[in-house]
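J.: Following this line is input-v1.cif, made up of mmCIF, C-alpha atoms, pLDDT in the B column; chains and numbers go by the auth columns:
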data_query
loop_
_atom_site.group_PDB
_atom_site.id
_atom_site.type_symbol
_atom_site.label_atom_id
_atom_site.label_comp_id
_atom_site.label_asym_id
_atom_site.label_seq_id
_atom_site.Cartn_x
_atom_site.Cartn_y
_atom_site.Cartn_z
_atom_site.B_iso_or_equiv
_atom_site.auth_seq_id
_atom_site.auth_asym_id
ATOM 1 C CA MET A 1 71.307 103.692 114.111 82.00 214 A
ATOM 2 C CA LEU A 2 71.247 102.373 110.561 88.00 215 A
ATOM 3 C CA HIS A 3 68.225 101.099 108.729 94.00 216 A
ATOM 4 C CA PRO A 4 68.110 97.261 108.744 93.00 217 A
ATOM 5 C CA ALA A 5 68.197 97.104 104.931 95.00 218 A
ATOM 6 C CA LEU A 6 71.313 99.318 104.853 95.00 219 A
ATOM 7 C CA THR A 7 72.962 97.199 107.552 95.00 220 A
ATOM 8 C CA GLN A 8 72.198 94.065 105.549 95.00 221 A
ATOM 9 C CA ALA A 9 73.612 95.639 102.362 95.00 222 A
ATOM 10 C CA ILE A 10 76.845 96.587 104.162 95.00 223 A
ATOM 11 C CA VAL A 11 77.224 93.084 105.603 96.00 224 A
ATOM 12 C CA THR A 12 76.553 91.495 102.216 95.00 225 A
ATOM 13 C CA ALA A 13 79.103 93.749 100.510 96.00 226 A
ATOM 14 C CA HIS A 14 81.684 92.897 103.157 96.00 227 A
ATOM 15 C CA ILE A 15 81.120 89.147 102.729 95.00 228 A
ATOM 16 C CA GLU A 16 81.399 89.506 98.946 95.00 229 A
ATOM 17 C CA ASP A 17 84.701 91.373 99.401 95.00 230 A
ATOM 18 C CA LEU A 18 85.981 88.535 101.603 95.00 231 A
ATOM 19 C CA HIS A 19 84.952 85.956 98.993 95.00 232 A
ATOM 20 C CA ARG A 20 86.684 87.903 96.204 94.00 233 A
ATOM 21 C CA ALA A 21 89.880 88.187 98.262 94.00 234 A
ATOM 22 C CA ALA A 22 89.822 84.450 99.037 93.00 235 A
ATOM 23 C CA ALA A 23 89.273 83.608 95.364 92.00 236 A
ATOM 24 C CA ARG A 24 92.179 85.860 94.392 91.00 237 A
ATOM 25 C CA ARG A 25 94.443 84.125 96.941 90.00 238 A
ATOM 26 C CA ARG A 26 93.399 80.696 95.634 87.00 239 A
ATOM 27 C CA THR A 27 94.091 81.790 92.048 86.00 240 A
ATOM 28 C CA ILE A 28 97.533 83.108 92.951 82.00 241 A
ATOM 29 C CA ARG A 29 98.359 79.958 94.922 81.00 242 A
ATOM 30 C CA LEU A 30 97.215 77.760 92.032 77.00 243 A
ATOM 31 C CA ALA A 31 99.247 79.784 89.531 76.00 244 A
ATOM 32 C CA ARG A 32 102.351 79.466 91.708 74.00 245 A
ATOM 33 C CA SER A 33 101.910 75.724 92.110 69.00 246 A
ATOM 34 C CA VAL A 34 101.488 75.255 88.354 63.00 247 A
ATOM 35 C CA VAL A 35 104.696 77.180 87.666 62.00 248 A
ATOM 36 C CA HIS A 36 106.846 75.659 90.416 62.00 249 A
ATOM 37 C CA GLU A 37 105.564 72.147 90.975 56.00 250 A
ATOM 38 C CA PRO A 38 105.344 69.441 88.348 56.00 251 A
ATOM 39 C CA ARG A 39 101.897 67.937 87.987 56.00 252 A
ATOM 40 C CA VAL A 40 103.156 64.532 86.899 62.00 253 A
ATOM 41 C CA ALA A 41 104.245 62.201 89.667 64.00 254 A
ATOM 42 C CA ALA A 42 107.878 61.163 89.385 66.00 255 A
ATOM 43 C CA THR A 43 108.643 57.479 88.946 72.00 256 A
ATOM 44 C CA PRO A 44 110.735 55.717 91.613 74.00 257 A
ATOM 45 C CA ILE A 45 113.674 55.451 89.194 74.00 258 A
ATOM 46 C CA ALA A 46 113.510 59.192 88.456 71.00 259 A
ATOM 47 C CA LEU A 47 113.479 59.915 92.188 71.00 260 A
ATOM 48 C CA LEU A 48 116.548 57.729 92.702 70.00 261 A
ATOM 49 C CA ARG A 49 118.401 59.367 89.809 72.00 262 A
ATOM 50 C CA SER A 50 117.547 62.810 91.124 68.00 263 A
ATOM 51 C CA ALA A 51 118.754 61.951 94.639 66.00 264 A
ATOM 52 C CA SER A 52 121.891 60.329 93.263 65.00 265 A
ATOM 53 C CA THR A 53 122.689 63.387 91.142 66.00 266 A
ATOM 54 C CA ARG A 54 122.246 65.700 94.107 66.00 267 A
ATOM 55 C CA LEU A 55 124.568 63.560 96.234 66.00 268 A
ATOM 56 C CA ARG A 56 127.311 63.442 93.563 67.00 269 A
ATOM 57 C CA GLY A 57 127.020 67.038 92.498 62.00 270 A
ATOM 58 C CA ARG A 58 126.902 68.250 88.938 58.00 271 A
ATOM 59 C CA ARG A 59 128.991 66.442 86.392 58.00 272 A
ATOM 60 C CA ALA A 60 130.977 68.159 83.696 58.00 273 A
ATOM 61 C CA PRO A 61 129.408 67.652 80.247 61.00 274 A
ATOM 62 C CA ARG A 62 130.892 64.680 78.387 64.00 275 A
ATOM 63 C CA SER A 63 132.509 65.338 75.065 63.00 276 A
ATOM 64 C CA THR A 64 131.236 63.223 72.157 65.00 277 A
ATOM 65 C CA ALA A 65 134.400 63.587 70.075 57.00 278 A
#
Can you dump the structure from the file as C-alpha cells?
T.:
Amino acid sequence: MLHPALTQAIVTAHIEDLHRAAARRRTIRLARSVVHEPRVAATPIALLRSASTRLRGRRAPRSTA
C-alpha cells in the first residue's frame, strides 16, 4: 500500500499529463484550422462565384493579346 501523499502525487502528475496532452491536441487542431480554413467569412457573391466555377470546371486562361 502506498503512502497517501505518494498516491496524491501520482494522481496529480497523471492529471497534469492529461492536461498537457489535451492542450497539445488543441494547439495542433488550431494550427490546422488556421492553415486550412479561411478566417474571413465569404460574401454571398463570392460563394456563388465559387459554386459556379466548380460547376463549370476550370477555364483556360484568356489571352490579352
J.: State, in Å with one decimal place, the distance from atom CA of A:Arg238 to atom CA of A:Thr225.
T.: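 Result for atom CA of A:Arg238 versus atom CA of A:Thr225: 20.1 Å, one decimal.
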J.: To box stretch 230-242 of chain A, take all atoms listed in the file, fit an axis-aligned box, add 8 Å on each side, and give centre and edge lengths in Å to one decimal, as lines of an AutoDock Vina configuration file.
T.:
center_x = 91.5
center_y = 85.7
center_z = 96.8
size_x = 29.7
size_y = 27.4
size_z = 25.6
J.: Would you work out the distance separating atom CA of A:Leu243 from atom CA of A:Glu229, expressed in Å to one decimal?
T.: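 Distance reported for this atom pair: 20.9 Å.
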J.: Once all heavy atoms are restored for stretch 232-243 of chain A, what would the output be as an mmCIF file, in the coordinates of the input?
T.:
data_model
loop_
_atom_site.group_PDB
_atom_site.id
_atom_site.type_symbol
_atom_site.label_atom_id
_atom_site.label_comp_id
_atom_site.auth_asym_id
_atom_site.auth_seq_id
_atom_site.Cartn_x
_atom_site.Cartn_y
_atom_site.Cartn_z
ATOM 1 N N HIS A 232 84.959 87.054 99.972
ATOM 2 C CA HIS A 232 84.952 85.956 98.993
ATOM 3 C C HIS A 232 85.861 86.270 97.808
ATOM 4 O O HIS A 232 86.598 85.404 97.333
ATOM 5 C CB HIS A 232 83.537 85.685 98.511
ATOM 6 C CG HIS A 232 82.713 84.952 99.510
ATOM 7 N ND1 HIS A 232 81.362 84.770 99.355
ATOM 8 C CD2 HIS A 232 83.019 84.350 100.676
ATOM 9 C CE1 HIS A 232 80.883 84.096 100.379
ATOM 10 N NE2 HIS A 232 81.883 83.842 101.202
ATOM 11 N N ARG A 233 85.814 87.514 97.317
ATOM 12 C CA ARG A 233 86.684 87.903 96.204
ATOM 13 C C ARG A 233 88.157 87.809 96.594
ATOM 14 O O ARG A 233 88.991 87.327 95.828
ATOM 15 C CB ARG A 233 86.360 89.317 95.729
ATOM 16 C CG ARG A 233 85.197 89.379 94.758
ATOM 17 C CD ARG A 233 85.128 90.756 94.097
ATOM 18 N NE ARG A 233 84.780 91.808 95.045
ATOM 19 C CZ ARG A 233 83.539 92.127 95.384
ATOM 20 N NH1 ARG A 233 82.522 91.478 94.857
ATOM 21 N NH2 ARG A 233 83.309 93.087 96.244
ATOM 22 N N ALA A 234 88.485 88.251 97.799
ATOM 23 C CA ALA A 234 89.880 88.187 98.262
ATOM 24 C C ALA A 234 90.338 86.731 98.383
ATOM 25 O O ALA A 234 91.459 86.388 98.000
ATOM 26 C CB ALA A 234 90.025 88.908 99.599
ATOM 27 N N ALA A 235 89.470 85.869 98.904
ATOM 28 C CA ALA A 235 89.822 84.450 99.037
ATOM 29 C C ALA A 235 90.001 83.808 97.666
ATOM 30 O O ALA A 235 90.932 83.022 97.459
ATOM 31 C CB ALA A 235 88.744 83.720 99.839
ATOM 32 N N ALA A 236 89.150 84.152 96.722
ATOM 33 C CA ALA A 236 89.273 83.608 95.364
ATOM 34 C C ALA A 236 90.563 84.084 94.716
ATOM 35 O O ALA A 236 91.249 83.319 94.039
ATOM 36 C CB ALA A 236 88.069 84.029 94.519
ATOM 37 N N ARG A 237 90.929 85.327 94.941
ATOM 38 C CA ARG A 237 92.179 85.860 94.392
ATOM 39 C C ARG A 237 93.378 85.121 94.996
ATOM 40 O O ARG A 237 94.306 84.753 94.289
ATOM 41 C CB ARG A 237 92.260 87.362 94.684
ATOM 42 C CG ARG A 237 93.386 88.065 94.008
ATOM 43 C CD ARG A 237 93.313 89.593 94.101
ATOM 44 N NE ARG A 237 92.796 90.123 95.351
ATOM 45 C CZ ARG A 237 91.611 90.728 95.483
ATOM 46 N NH1 ARG A 237 90.824 90.882 94.451
ATOM 47 N NH2 ARG A 237 91.227 91.179 96.658
ATOM 48 N N ARG A 238 93.350 84.870 96.306
ATOM 49 C CA ARG A 238 94.443 84.125 96.941
ATOM 50 C C ARG A 238 94.538 82.707 96.392
ATOM 51 O O ARG A 238 95.633 82.203 96.142
ATOM 52 C CB ARG A 238 94.256 84.079 98.458
ATOM 53 C CG ARG A 238 94.618 85.370 99.155
ATOM 54 C CD ARG A 238 94.683 85.196 100.653
ATOM 55 N NE ARG A 238 93.467 84.685 101.237
ATOM 56 C CZ ARG A 238 92.449 85.430 101.651
ATOM 57 N NH1 ARG A 238 92.488 86.735 101.536
ATOM 58 N NH2 ARG A 238 91.380 84.872 102.184
ATOM 59 N N ARG A 239 93.389 82.057 96.192
ATOM 60 C CA ARG A 239 93.399 80.696 95.634
ATOM 61 C C ARG A 239 93.964 80.698 94.224
ATOM 62 O O ARG A 239 94.726 79.819 93.846
ATOM 63 C CB ARG A 239 91.989 80.110 95.633
ATOM 64 C CG ARG A 239 91.537 79.587 96.970
ATOM 65 C CD ARG A 239 90.268 78.768 96.842
ATOM 66 N NE ARG A 239 89.165 79.498 96.243
ATOM 67 C CZ ARG A 239 88.282 80.238 96.901
ATOM 68 N NH1 ARG A 239 88.377 80.350 98.201
ATOM 69 N NH2 ARG A 239 87.315 80.854 96.263
ATOM 70 N N THR A 240 93.598 81.701 93.424
ATOM 71 C CA THR A 240 94.091 81.790 92.048
ATOM 72 C C THR A 240 95.601 81.985 92.034
ATOM 73 O O THR A 240 96.310 81.338 91.274
ATOM 74 C CB THR A 240 93.408 82.954 91.315
ATOM 75 O OG1 THR A 240 91.998 82.731 91.328
ATOM 76 C CG2 THR A 240 93.894 83.068 89.890
ATOM 77 N N ILE A 241 96.090 82.866 92.889
ATOM 78 C CA ILE A 241 97.533 83.108 92.951
ATOM 79 C C ILE A 241 98.254 81.853 93.409
ATOM 80 O O ILE A 241 99.280 81.472 92.862
ATOM 81 C CB ILE A 241 97.831 84.305 93.874
ATOM 82 C CG1 ILE A 241 97.333 85.593 93.228
ATOM 83 C CG2 ILE A 241 99.321 84.388 94.197
ATOM 84 C CD1 ILE A 241 97.335 86.780 94.152
ATOM 85 N N ARG A 242 97.730 81.178 94.416
ATOM 86 C CA ARG A 242 98.359 79.958 94.922
ATOM 87 C C ARG A 242 98.367 78.881 93.849
ATOM 88 O O ARG A 242 99.363 78.192 93.654
ATOM 89 C CB ARG A 242 97.607 79.462 96.162
ATOM 90 C CG ARG A 242 98.313 78.343 96.874
ATOM 91 C CD ARG A 242 97.603 77.938 98.150
ATOM 92 N NE ARG A 242 97.102 79.083 98.881
ATOM 93 C CZ ARG A 242 95.912 79.132 99.458
ATOM 94 N NH1 ARG A 242 95.086 78.120 99.392
ATOM 95 N NH2 ARG A 242 95.521 80.203 100.111
ATOM 96 N N LEU A 243 97.278 78.746 93.109
ATOM 97 C CA LEU A 243 97.215 77.760 92.032
ATOM 98 C C LEU A 243 98.211 78.100 90.938
ATOM 99 O O LEU A 243 98.926 77.226 90.443
ATOM 100 C CB LEU A 243 95.798 77.700 91.452
ATOM 101 C CG LEU A 243 95.597 76.756 90.279
ATOM 102 C CD1 LEU A 243 95.882 75.321 90.703
ATOM 103 C CD2 LEU A 243 94.186 76.881 89.750
#
